[in-house]
>>> print(open('my_file24.tsv').read())   # TSV, N, CA and C atoms
chain	number	residue	atom	x	y	z
H	160	MET	N	-10.62	-19.37	-2.50
H	160	MET	CA	-9.56	-18.38	-2.63
H	160	MET	C	-10.10	-17.01	-2.24
H	161	GLN	N	-9.36	-16.30	-1.41
H	161	GLN	CA	-9.78	-14.99	-0.94
H	161	GLN	C	-9.53	-13.93	-2.02
H	162	PRO	N	-10.42	-12.91	-2.09
H	162	PRO	CA	-10.15	-11.81	-3.02
H	162	PRO	C	-8.92	-11.03	-2.57
H	163	ALA	N	-8.26	-10.39	-3.50
H	163	ALA	CA	-7.05	-9.62	-3.18
H	163	ALA	C	-7.40	-8.43	-2.28
H	164	CYS	N	-6.58	-8.18	-1.31
H	164	CYS	CA	-6.77	-7.05	-0.40
H	164	CYS	C	-6.37	-5.77	-1.12
H	165	GLU	N	-7.17	-4.71	-0.95
H	165	GLU	CA	-6.86	-3.43	-1.58
H	165	GLU	C	-6.04	-2.52	-0.67
H	166	HIS	N	-5.78	-2.96	0.55
H	166	HIS	CA	-4.93	-2.23	1.51
H	166	HIS	C	-5.44	-0.80	1.72
H	167	THR	N	-6.73	-0.66	1.99
H	167	THR	CA	-7.31	0.67	2.19
H	167	THR	C	-7.14	1.19	3.61
H	168	ARG	N	-6.92	0.30	4.58
H	168	ARG	CA	-6.71	0.71	5.97
H	168	ARG	C	-5.28	0.36	6.37
H	169	THR	N	-4.46	1.39	6.55
H	169	THR	CA	-3.05	1.15	6.88
H	169	THR	C	-2.64	2.00	8.07
H	170	GLN	N	-1.53	1.60	8.69
H	170	GLN	CA	-0.91	2.40	9.74
H	170	GLN	C	0.59	2.42	9.51
H	171	VAL	N	1.22	3.54	9.83
H	171	VAL	CA	2.66	3.68	9.67
H	171	VAL	C	3.34	2.95	10.82
H	172	LEU	N	4.29	2.09	10.48
H	172	LEU	CA	5.03	1.34	11.49
H	172	LEU	C	6.36	1.99	11.83
H	173	ALA	N	7.06	2.44	10.79
H	173	ALA	CA	8.40	2.98	11.01
H	173	ALA	C	8.82	3.83	9.83
H	174	ARG	N	9.82	4.67	10.07
H	174	ARG	CA	10.45	5.44	9.00
H	174	ARG	C	11.95	5.23	9.14
H	175	ARG	N	12.58	4.81	8.04
H	175	ARG	CA	14.02	4.56	8.07
H	175	ARG	C	14.62	5.07	6.78
H	176	ASN	N	15.64	5.90	6.87
H	176	ASN	CA	16.33	6.45	5.70
H	176	ASN	C	15.36	7.09	4.72
H	177	GLY	N	14.35	7.79	5.25
H	177	GLY	CA	13.40	8.49	4.40
H	177	GLY	C	12.33	7.61	3.78
H	178	VAL	N	12.24	6.34	4.19
H	178	VAL	CA	11.23	5.43	3.66
H	178	VAL	C	10.25	5.10	4.78
H	179	ASP	N	8.95	5.28	4.51
H	179	ASP	CA	7.92	4.93	5.47
H	179	ASP	C	7.49	3.48	5.24
H	180	TYR	N	7.36	2.75	6.31
H	180	TYR	CA	6.86	1.37	6.24
H	180	TYR	C	5.48	1.35	6.87
H	181	VAL	N	4.51	0.77	6.16
H	181	VAL	CA	3.13	0.73	6.63
H	181	VAL	C	2.64	-0.71	6.67
H	182	GLU	N	1.66	-0.95	7.54
H	182	GLU	CA	1.04	-2.26	7.66
H	182	GLU	C	-0.43	-2.14	7.30
H	183	CYS	N	-0.94	-3.05	6.51
H	183	CYS	CA	-2.36	-3.11	6.19
H	183	CYS	C	-3.08	-3.68	7.42
H	184	LEU	N	-4.10	-2.97	7.90
H	184	LEU	CA	-4.82	-3.43	9.08
H	184	LEU	C	-5.77	-4.58	8.78
H	185	ASP	N	-6.03	-4.83	7.51
H	185	ASP	CA	-6.92	-5.92	7.14
H	185	ASP	C	-6.18	-7.24	6.95
H	186	CYS	N	-5.10	-7.23	6.14
H	186	CYS	CA	-4.40	-8.49	5.84
H	186	CYS	C	-3.06	-8.61	6.57
H	187	ARG	N	-2.64	-7.54	7.26
H	187	ARG	CA	-1.41	-7.52	8.06
H	187	ARG	C	-0.13	-7.57	7.24
H	188	GLN	N	-0.21	-7.32	5.95
H	188	GLN	CA	0.99	-7.29	5.12
H	188	GLN	C	1.71	-5.96	5.34
H	189	ILE	N	3.04	-5.96	5.25
H	189	ILE	CA	3.84	-4.76	5.45
H	189	ILE	C	4.45	-4.33	4.13
H	190	PHE	N	4.39	-3.00	3.87
H	190	PHE	CA	4.83	-2.42	2.61
H	190	PHE	C	5.67	-1.19	2.85
H	191	GLU	N	6.41	-0.78	1.82
H	191	GLU	CA	6.93	0.57	1.79
H	191	GLU	C	5.76	1.44	1.34
H	192	ALA	N	5.58	2.59	1.96
H	192	ALA	CA	4.42	3.43	1.67
H	192	ALA	C	4.31	3.80	0.20
H	193	GLU	N	5.44	4.00	-0.46
H	193	GLU	CA	5.39	4.39	-1.87
H	193	GLU	C	4.81	3.29	-2.76
H	194	ASP	N	4.84	2.04	-2.30
H	194	ASP	CA	4.27	0.93	-3.06
H	194	ASP	C	2.75	0.98	-3.09
H	195	LEU	N	2.13	1.74	-2.19
H	195	LEU	CA	0.67	1.81	-2.12
H	195	LEU	C	0.09	2.94	-2.95
H	196	GLU	N	0.93	3.78	-3.53
H	196	GLU	CA	0.41	4.88	-4.34
H	196	GLU	C	-0.29	4.33	-5.58
H	197	PRO	N	-1.44	4.92	-5.95
H	197	PRO	CA	-2.15	4.42	-7.12
H	197	PRO	C	-1.31	4.57	-8.39
H	198	VAL	N	-1.38	3.59	-9.23
H	198	VAL	CA	-0.67	3.60	-10.50
H	198	VAL	C	-1.69	3.85	-11.61
H	199	LYS	N	-1.39	4.74	-12.53
H	199	LYS	CA	-2.31	5.03	-13.63
H	199	LYS	C	-2.44	3.84	-14.55
H	200	THR	N	-3.66	3.60	-14.97
H	200	THR	CA	-3.90	2.55	-15.96
H	200	THR	C	-4.01	3.20	-17.33
H	201	GLU	N	-3.99	2.39	-18.36
H	201	GLU	CA	-4.09	2.92	-19.72
H	201	GLU	C	-5.38	3.70	-19.92
H	202	GLU	N	-6.48	3.25	-19.32
H	202	GLU	CA	-7.76	3.93	-19.44
H	202	GLU	C	-7.71	5.32	-18.85
H	203	GLU	N	-7.02	5.51	-17.73
H	203	GLU	CA	-6.94	6.81	-17.07
H	203	GLU	C	-6.08	7.79	-17.85
H	204	GLU	N	-5.13	7.31	-18.63
H	204	GLU	CA	-4.22	8.18	-19.35
H	204	GLU	C	-4.86	8.80	-20.58
H	205	GLU	N	-5.94	8.20	-21.08
H	205	GLU	CA	-6.57	8.72	-22.31
H	205	GLU	C	-7.36	9.96	-22.07
>>> encode(input="my_file24.tsv", output="structure tokens")
Amino acid sequence: MQPACEHTRTQVLARRNGVDYVECLDCRQIFEAEDLEPVKTEEEEE
């Protein structure tokens, strides 16, 4: 089983209705750019 990709290398593919779509250059998965923003964990909030 492959380790999960962290999507650190991306390129913007398109922008539609104010939403940027990006592709991970490592695993080739496509995302909305806002989905790649880091999410705070409980440890970071303390």
>>> residues_around(input="my_file24.tsv", residues="Arg168 (chain H)", least_positions_apart="4", cutoff="7 Å", atoms="all atoms listed in the file", output="number ranges by chain")
H: 182-185
>>> residues_around(input="my_file24.tsv", residues="Thr167 (chain H)", least_positions_apart="2", cutoff="12 Å", atoms="only C-alpha atoms", output="list in words")
Ala163, Cys164, Glu165, Thr169, Gln170, Val181, Glu182, Cys183, Leu184, Asp185, Cys186, Arg187, Gln188, Leu195, Glu196 and Pro197 of chain H
>>> residues_around(input="my_file24.tsv", residues="Tyr180 (chain H)", least_positions_apart="4", cutoff="6.5 Å", atoms="all atoms listed in the file", output="PyMOL selection string")
chain H and resi 170-175+189-192
>>> atom_distance(input="my_file24.tsv", atom1="atom C of Pro162 (chain H)", atom2="atom C of Glu193 (chain H)")
19.8 Å
